[in-house]
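Data first, discussion second: the structure below is written as structure tokens.
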Amino acid sequence: MSGYAEGVLVLLAINVVLAYGAFLPVAAGQLNLGVAGFAAIGGYASAYLSARTATPVLVAIPLGGIAAGVVALAVAVPVLRTRGIYLALATFALGELVRATILNLEVVGGAAGYPVPAYIGLPVIAGFAVAVVVLVGLLFATRFGIAITAVHDDERVADLMGLDVRAFQIAAFVFGSVIAGIGGGLYAHHFNYIEAQYFNISMSISIVLYVLFGGTQSVVGPLLGATVFTLLPELLRASAQWRYVLFAAIVIVAMVVRPQGLVTAALVRRLLGLAQDFSLRGRERPA
Amino acid sequence: MSAAPILVLDNVSKHFGGLRVVEDLSFSVRRNSCTGLIGPNGAGKTTVFNLITGVYPIDSGRILLDDADISRVPSRRRIHHGIARNFQNIRLMPHLSAIENVMVGQHCRNGGLFGNLQPVALFPHNRWREEARAALAEAGLEDYERGVVRSLPYGVQKRIELVRALMAKPRLLLLDEPAAGLNSAETGALRELLAKICQQHGLTLLVIEHDMHFVGALCDEVVVLNFGRKIAEGRPDAVREDALVKEAYFGLDTGLAETRYVN
């Protein structure tokens with residue numbers, strides 16, 4: 001595999017992980033614009049662990065995710081009291097707070113960034129990405145998935161049905177932050193260097209866009225959104241300086257045609273229904 | 001049949017600022033009975049449901065369920081005490097299929113943290129999904145299991161909401177205008193379904209409804225509200241003949257209303 005192809009696939013796998021970090025809170029009705037901040041916490045924590053304490057990378061990265069989750073849990077109660085645009089602003093501010101704090105944290109290099117000696121390649125990163133997709137898919141196949149969607153759709157009714165709305169929102173926010181933290185750890189250990197400036201609001205917005213573009217109602221949505229947003233600009237390279245114009249035009253058209261994202265719950269049900277119908281027909285034929 | 005009340009409202013009041021929505025309201029609902037809550041628009045009927053289910057806290061008085069004071073129990077916990085409800089305007093979850101909506105009603109019985117991790121959507125034949133499927137079939141909804149709820153007929157959506165409430169296995173079911181928007185055939189089918197469900201599950205019903213034929217056929221007792229106060233209660237046929245009810249609800253001028261309000 002060429003270096004270019006491997007580089008693109010690494011970015012794709014990291015973006016898929018980050019997209020699921022944003023997807024969980026969005027699925028519970030919360031727009032988290034601080035997702036880059038949690039990726040930074042996970043990235044720096046895992047980098048520090050592997051560089052200073054010689055923790056194996058495969059342990060350091062999940063621990064970095066847990067560090068991001070602990071911070072998310074600590075701030076969840078006050079931050080999730082806000083709603084709508086105020087929640088978006090609060091999480092945005094939180095992301096900036098994390099970035100500014102790390103910029104002034106000399107123990108991890110401050111503004112100069114932090115070198116990370118340990119390296120992970122495409123197979124490990126792809127393994128993490130597959131694990132995240134499978135785990136989130138499994139999570140949404142449990143009652144938790146139904147409950148999160150119910151909380152997203154109607155908090156009042158969910159509450160009257162006995163669901164602890166606040167606990168589900170906090171759980172989604174924290175699980176999402178753990179996944180974002182893992183994404184940050186993957187980034188730090190692949191590029192052997194991490195700097196706070198990379199984890200800015202532009203990164204958060206891009207990650208949220210993966211989810212909104214792919215679809216917030218299905219676990220397949222973030223996978224598809226991250227794939228399109230990572231691969232499409234690469235496929236458009238032939239159009240030279242026009243590629244971002246074409247890319248933006250394609251995204252706008254897609255959002256006009258499918259405002260709820262590429263993959264909707266109705267589409268998934270229809271596809272699953274078709275699959276079931278075909279399999280039924282298959283069984284009926286011999287009879 | 002026991003005559004002991006399952007639900008007692010004892011001098012319950014609720015004000016929104018200067019607006020007295022419910023004022024010193026007292027009535028009780030007998031176990032295994034069906035009680036109708038009627039009154040003109042704005043009488044405070046839905047607010048009474050919201051007070052019983054804890055959507056709004058009461059300002060004064062007490063709400064007793066099986067002699068236990070539930071006035072301060074959080075809204076989320078009241079379904080655990082056996083109170084389930086539907087809504088005047090259908091409130092199904094648009095991003096869930098019909099069967100998943102019904103499964104939301106099972107949540108209060110699924111056993112905490114580990115219950116939330118049961119793979120109910122992974123295997124099509126797990127116990128919870130089968131139970132929801134059977135309940136849909138009992139309500140004649142087996143064909144709509146995987147349907148996108150928003151695109152289903154109005155009457156079907158109402159029945160799905162009813163099945164969702166039943167999935168909590170409540171002792172007391174509050175139905176807010178269950179027959180509104182249904183044609184006469186659907187209303188008749190709903191009445192039969194409710195009668196069957198009550199008999200099979202030992203349910204007590206408290207029903208807000210404007211269709212007096214429906215109320216007369218289904219309810220044993222009726223409580224009539226006007227301006228947040230109880231103006232009459234009793235058997236449906238007796239209440240229908242009450243002069244004040246005629247004036248407040250049916251729009252007949254009997255000249256009694258002013259006297260009774262003053263008294």
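Following the order of the structure tokens, chains are lettered A, B, ..., residues in each are numbered from 1, and ligands are numbered from 1.
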Contacts of chain A with chain B up to 6 Å, shortest pair per row, only C-alpha atoms, as CSV:
residue,atom,partner,partner_atom,distance
A:Ala141,CA,B:Ala121,CA,4.6
A:Thr142,CA,B:Pro119,CA,3.8
A:Arg143,CA,B:Asn116,CA,4.9
A:Phe144,CA,B:Asn116,CA,5.0
A:Ala150,CA,B:Met93,CA,6.0
A:Asp153,CA,B:Met93,CA,5.5
A:Asp159,CA,B:Arg76,CA,5.0
A:Leu160,CA,B:Arg76,CA,5.1
A:Met161,CA,B:Gly105,CA,5.9
A:Gly162,CA,B:Arg76,CA,4.6
Per-residue nearest contacts range 99-154 of chain A to range 208-228 of chain A, cut-off 12 Å, using only C-alpha atoms, as JSON lines:
{"residue": "A:Ala129", "atom": "CA", "partner": "A:Leu223", "partner_atom": "CA", "distance": 9.7}
{"residue": "A:Val130", "atom": "CA", "partner": "A:Leu223", "partner_atom": "CA", "distance": 10.1}
{"residue": "A:Val132", "atom": "CA", "partner": "A:Leu223", "partner_atom": "CA", "distance": 10.4}
{"residue": "A:Val133", "atom": "CA", "partner": "A:Leu223", "partner_atom": "CA", "distance": 7.7}
{"residue": "A:Val134", "atom": "CA", "partner": "A:Val219", "partner_atom": "CA", "distance": 9.6}
{"residue": "A:Leu135", "atom": "CA", "partner": "A:Val219", "partner_atom": "CA", "distance": 10.3}
{"residue": "A:Val136", "atom": "CA", "partner": "A:Val219", "partner_atom": "CA", "distance": 7.2}
{"residue": "A:Gly137", "atom": "CA", "partner": "A:Val219", "partner_atom": "CA", "distance": 6.0}
{"residue": "A:Leu138", "atom": "CA", "partner": "A:Val219", "partner_atom": "CA", "distance": 9.5}
{"residue": "A:Leu139", "atom": "CA", "partner": "A:Val219", "partner_atom": "CA", "distance": 9.6}
{"residue": "A:Phe140", "atom": "CA", "partner": "A:Val219", "partner_atom": "CA", "distance": 7.3}
{"residue": "A:Ala141", "atom": "CA", "partner": "A:Val219", "partner_atom": "CA", "distance": 9.6}
{"residue": "A:Gly145", "atom": "CA", "partner": "A:Val219", "partner_atom": "CA", "distance": 9.6}
{"residue": "A:Ile146", "atom": "CA", "partner": "A:Gln217", "partner_atom": "CA", "distance": 11.0}
{"residue": "A:Ile148", "atom": "CA", "partner": "A:Gln217", "partner_atom": "CA", "distance": 10.5}
{"residue": "A:Thr149", "atom": "CA", "partner": "A:Gln217", "partner_atom": "CA", "distance": 7.9}
{"residue": "A:Ala150", "atom": "CA", "partner": "A:Gln217", "partner_atom": "CA", "distance": 11.3}
{"residue": "A:His152", "atom": "CA", "partner": "A:Gln217", "partner_atom": "CA", "distance": 9.8}
{"residue": "A:Asp153", "atom": "CA", "partner": "A:Gln217", "partner_atom": "CA", "distance": 10.5}
With N, CA and C atoms retained, write the just-selected residues as an mmCIF file, in the first residue's frame.
data_model
loop_
_atom_site.group_PDB
_atom_site.id
_atom_site.type_symbol
_atom_site.label_atom_id
_atom_site.label_comp_id
_atom_site.auth_asym_id
_atom_site.auth_seq_id
_atom_site.Cartn_x
_atom_site.Cartn_y
_atom_site.Cartn_z
ATOM 1 N N ALA A 129 -10.781 1.639 15.382
ATOM 2 C CA ALA A 129 -11.957 2.184 14.702
ATOM 3 C C ALA A 129 -13.042 1.108 14.582
ATOM 4 N N VAL A 130 -12.631 -0.105 14.178
ATOM 5 C CA VAL A 130 -13.607 -1.199 14.038
ATOM 6 C C VAL A 130 -14.224 -1.508 15.401
ATOM 7 N N VAL A 132 -14.608 0.484 17.956
ATOM 8 C CA VAL A 132 -15.535 1.550 18.360
ATOM 9 C C VAL A 132 -16.866 1.402 17.620
ATOM 10 N N VAL A 133 -16.783 1.163 16.288
ATOM 11 C CA VAL A 133 -18.021 1.023 15.499
ATOM 12 C C VAL A 133 -18.844 -0.161 16.032
ATOM 13 N N VAL A 134 -18.170 -1.287 16.282
ATOM 14 C CA VAL A 134 -18.889 -2.480 16.748
ATOM 15 C C VAL A 134 -19.483 -2.243 18.132
ATOM 16 N N LEU A 135 -18.696 -1.634 19.033
ATOM 17 C CA LEU A 135 -19.187 -1.410 20.401
ATOM 18 C C LEU A 135 -20.383 -0.446 20.430
ATOM 19 N N VAL A 136 -20.279 0.639 19.654
ATOM 20 C CA VAL A 136 -21.406 1.585 19.630
ATOM 21 C C VAL A 136 -22.621 0.904 18.970
ATOM 22 N N GLY A 137 -22.361 0.112 17.927
ATOM 23 C CA GLY A 137 -23.459 -0.630 17.289
ATOM 24 C C GLY A 137 -24.133 -1.565 18.276
ATOM 25 N N LEU A 138 -23.330 -2.272 19.065
ATOM 26 C CA LEU A 138 -23.893 -3.188 20.071
ATOM 27 C C LEU A 138 -24.662 -2.413 21.141
ATOM 28 N N LEU A 139 -24.079 -1.269 21.551
ATOM 29 C CA LEU A 139 -24.738 -0.448 22.578
ATOM 30 C C LEU A 139 -26.122 -0.008 22.102
ATOM 31 N N PHE A 140 -26.217 0.344 20.824
ATOM 32 C CA PHE A 140 -27.500 0.797 20.302
ATOM 33 C C PHE A 140 -28.449 -0.358 19.993
ATOM 34 N N ALA A 141 -27.948 -1.571 20.093
ATOM 35 C CA ALA A 141 -28.842 -2.726 19.941
ATOM 36 C C ALA A 141 -29.404 -3.153 21.301
ATOM 37 N N GLY A 145 -30.026 1.970 23.597
ATOM 38 C CA GLY A 145 -30.221 2.627 22.302
ATOM 39 C C GLY A 145 -31.636 3.170 22.171
ATOM 40 N N ILE A 146 -32.618 2.359 22.568
ATOM 41 C CA ILE A 146 -34.018 2.811 22.504
ATOM 42 C C ILE A 146 -34.218 3.986 23.462
ATOM 43 N N ILE A 148 -31.990 6.167 24.618
ATOM 44 C CA ILE A 148 -31.309 7.383 24.158
ATOM 45 C C ILE A 148 -32.154 8.074 23.076
ATOM 46 N N THR A 149 -32.707 7.285 22.164
ATOM 47 C CA THR A 149 -33.540 7.867 21.103
ATOM 48 C C THR A 149 -34.814 8.466 21.699
ATOM 49 N N ALA A 150 -35.374 7.784 22.694
ATOM 50 C CA ALA A 150 -36.583 8.306 23.347
ATOM 51 C C ALA A 150 -36.285 9.637 24.029
ATOM 52 N N HIS A 152 -33.942 11.718 23.196
ATOM 53 C CA HIS A 152 -33.733 12.674 22.105
ATOM 54 C C HIS A 152 -35.068 13.194 21.574
ATOM 55 N N ASP A 153 -36.036 12.273 21.416
ATOM 56 C CA ASP A 153 -37.295 12.637 20.761
ATOM 57 C C ASP A 153 -38.235 13.423 21.671
#
Pull the strand (DSSP E) assignments for range 26-245 of chain B out of DSSP run on the backbone, and list those residues as a PDB file with C-alpha atoms, in the first residue's frame.
ATOM      1  CA  SER B  26     -61.111  16.483  45.930  1.00  0.00           C
ATOM      2  CA  PHE B  27     -62.300  13.246  44.401  1.00  0.00           C
ATOM      3  CA  SER B  28     -61.438   9.583  44.533  1.00  0.00           C
ATOM      4  CA  VAL B  29     -61.206   6.789  42.001  1.00  0.00           C
ATOM      5  CA  ARG B  30     -62.407   3.315  43.035  1.00  0.00           C
ATOM      6  CA  CYS B  34     -63.542   3.493  35.199  1.00  0.00           C
ATOM      7  CA  THR B  35     -63.960   7.128  36.178  1.00  0.00           C
ATOM      8  CA  GLY B  36     -64.566   9.870  33.644  1.00  0.00           C
ATOM      9  CA  LEU B  37     -63.195  13.388  34.078  1.00  0.00           C
ATOM     10  CA  ILE B  38     -65.271  15.767  32.001  1.00  0.00           C
ATOM     11  CA  SER B  60     -51.430  22.456  48.246  1.00  0.00           C
ATOM     12  CA  GLY B  61     -53.380  19.336  49.146  1.00  0.00           C
ATOM     13  CA  ARG B  62     -52.388  15.680  48.809  1.00  0.00           C
ATOM     14  CA  ILE B  63     -52.469  12.982  46.168  1.00  0.00           C
ATOM     15  CA  LEU B  64     -52.766   9.459  47.592  1.00  0.00           C
ATOM     16  CA  LEU B  65     -52.209   6.267  45.656  1.00  0.00           C
ATOM     17  CA  ALA B  68     -49.508   6.375  50.122  1.00  0.00           C
ATOM     18  CA  ASP B  69     -48.872  10.101  49.653  1.00  0.00           C
ATOM     19  CA  ILE B  83     -49.453   5.247  37.202  1.00  0.00           C
ATOM     20  CA  ALA B  84     -49.215   5.363  33.399  1.00  0.00           C
ATOM     21  CA  ARG B  85     -50.815   7.749  30.944  1.00  0.00           C
ATOM     22  CA  LEU B 172     -53.970   3.144  37.268  1.00  0.00           C
ATOM     23  CA  LEU B 173     -54.151   4.248  33.649  1.00  0.00           C
ATOM     24  CA  LEU B 174     -54.869   7.876  32.789  1.00  0.00           C
ATOM     25  CA  LEU B 175     -56.281   8.389  29.305  1.00  0.00           C
ATOM     26  CA  ASP B 176     -56.511  11.929  27.954  1.00  0.00           C
ATOM     27  CA  THR B 204     -58.362   1.170  37.003  1.00  0.00           C
ATOM     28  CA  LEU B 205     -59.067   3.882  34.435  1.00  0.00           C
ATOM     29  CA  LEU B 206     -59.351   7.634  34.777  1.00  0.00           C
ATOM     30  CA  VAL B 207     -60.491   9.031  31.437  1.00  0.00           C
ATOM     31  CA  ILE B 208     -60.796  12.566  30.105  1.00  0.00           C
ATOM     32  CA  GLU B 221     -68.432   7.311  37.760  1.00  0.00           C
ATOM     33  CA  VAL B 222     -67.980  10.791  36.357  1.00  0.00           C
ATOM     34  CA  VAL B 223     -66.341  13.866  37.897  1.00  0.00           C
ATOM     35  CA  VAL B 224     -67.221  17.180  36.278  1.00  0.00           C
ATOM     36  CA  LEU B 225     -64.820  20.133  36.408  1.00  0.00           C
ATOM     37  CA  ASN B 226     -65.372  23.767  35.573  1.00  0.00           C
ATOM     38  CA  ARG B 229     -63.386  23.194  40.566  1.00  0.00           C
ATOM     39  CA  LYS B 230     -65.494  20.083  40.887  1.00  0.00           C
ATOM     40  CA  ILE B 231     -69.093  20.971  40.103  1.00  0.00           C
ATOM     41  CA  ALA B 232     -70.604  17.475  40.136  1.00  0.00           C
ATOM     42  CA  GLU B 233     -69.822  13.789  40.451  1.00  0.00           C
ATOM     43  CA  GLY B 234     -71.766  10.570  40.302  1.00  0.00           C
TER      44      GLY B 234
END
message: Between CA of Leu63 in chain A and CA of Phe229 in chain A, what is the distance in Å, rounded to a tenth?
response: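 About the pair CA of Leu63 in chain A and CA of Phe229 in chain A: they are 28.2 Å apart.
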query: Residues of range 43-187 of chain A in alpha helix (DSSP H) according to DSSP, as a ChimeraX atom specification?
result: /A:43-52,57-79,84-103,122-140,143-153,155-160,165-187
- line: re CA of Leu267 in chain A and CA of Arg150 in chain B: distance 14.0 Å
Leaving out Gln157 in chain B and any residue of its chain fewer than 4 positions from it, which residues lie within 10 Å of it when counting only C-alpha atoms, given as a PDB file with N, CA and C atoms, in the first residue's frame?
ATOM      1  N   ILE B  90     -51.021  13.170  20.470  1.00  0.00           N
ATOM      2  CA  ILE B  90     -50.187  11.957  20.458  1.00  0.00           C
ATOM      3  C   ILE B  90     -48.717  12.319  20.605  1.00  0.00           C
ATOM      4  N   ARG B  91     -48.060  11.662  21.524  1.00  0.00           N
ATOM      5  CA  ARG B  91     -46.629  11.927  21.728  1.00  0.00           C
ATOM      6  C   ARG B  91     -45.855  10.620  21.656  1.00  0.00           C
ATOM      7  N   LEU B  92     -45.747  10.113  20.420  1.00  0.00           N
ATOM      8  CA  LEU B  92     -44.905   8.943  20.180  1.00  0.00           C
ATOM      9  C   LEU B  92     -43.513   9.444  19.792  1.00  0.00           C
ATOM     10  N   ALA B  98     -42.799   1.392  15.658  1.00  0.00           N
ATOM     11  CA  ALA B  98     -43.957   1.157  16.526  1.00  0.00           C
ATOM     12  C   ALA B  98     -43.578   0.249  17.694  1.00  0.00           C
ATOM     13  N   LEU B 141     -52.555  -4.575  16.138  1.00  0.00           N
ATOM     14  CA  LEU B 141     -51.559  -3.730  15.471  1.00  0.00           C
ATOM     15  C   LEU B 141     -50.377  -4.531  14.937  1.00  0.00           C
ATOM     16  N   TYR B 144     -48.207  -3.323  12.001  1.00  0.00           N
ATOM     17  CA  TYR B 144     -47.528  -2.025  12.042  1.00  0.00           C
ATOM     18  C   TYR B 144     -46.234  -2.073  12.853  1.00  0.00           C
ATOM     19  N   VAL B 149     -43.696   5.609  12.886  1.00  0.00           N
ATOM     20  CA  VAL B 149     -44.948   5.979  13.544  1.00  0.00           C
ATOM     21  C   VAL B 149     -45.614   7.215  12.942  1.00  0.00           C
ATOM     22  N   ARG B 150     -44.796   8.163  12.466  1.00  0.00           N
ATOM     23  CA  ARG B 150     -45.389   9.399  11.939  1.00  0.00           C
ATOM     24  C   ARG B 150     -46.268   9.147  10.720  1.00  0.00           C
ATOM     25  N   SER B 151     -45.946   8.106   9.970  1.00  0.00           N
ATOM     26  CA  SER B 151     -46.695   7.878   8.741  1.00  0.00           C
ATOM     27  C   SER B 151     -47.879   6.926   8.962  1.00  0.00           C
ATOM     28  N   LEU B 152     -48.117   6.511  10.198  1.00  0.00           N
ATOM     29  CA  LEU B 152     -49.230   5.595  10.461  1.00  0.00           C
ATOM     30  C   LEU B 152     -50.526   6.380  10.645  1.00  0.00           C
ATOM     31  N   PRO B 153     -51.680   5.734  10.381  1.00  0.00           N
ATOM     32  CA  PRO B 153     -52.954   6.417  10.570  1.00  0.00           C
ATOM     33  C   PRO B 153     -53.115   6.889  12.023  1.00  0.00           C
ATOM     34  N   GLU B 161     -49.900   4.311  21.376  1.00  0.00           N
ATOM     35  CA  GLU B 161     -49.639   5.050  22.616  1.00  0.00           C
ATOM     36  C   GLU B 161     -50.291   4.350  23.815  1.00  0.00           C
ATOM     37  N   LEU B 162     -51.476   3.818  23.574  1.00  0.00           N
ATOM     38  CA  LEU B 162     -52.183   3.078  24.636  1.00  0.00           C
ATOM     39  C   LEU B 162     -51.404   1.823  25.021  1.00  0.00           C
ATOM     40  N   VAL B 163     -50.928   1.095  24.002  1.00  0.00           N
ATOM     41  CA  VAL B 163     -50.171  -0.144  24.267  1.00  0.00           C
ATOM     42  C   VAL B 163     -48.876   0.201  25.004  1.00  0.00           C
TER      43      VAL B 163
END
Distance criterion (only C-alpha atoms): nearest to Arg159 in chain B out of B:Glu177, B:Glu130, B:Phe214, B:Leu190: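 Residue with the minimum atom-to-atom distance to Arg159 in chain B: B:Leu190.
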query: From the list B:Lys246, B:Lys158, B:Arg72, B:Arg129, which residue is nearest Thr187 in chain B when using only C-alpha atoms?
result: B:Lys158
query: Quick one: residues within 8 Å of Ile14 in chain A, only C-alpha atoms counted, chain neighbours fewer than 4 positions away excluded, as JSON, numbers by chain?
result: {"A": [10, 18, 125, 129, 183, 186, 187]}
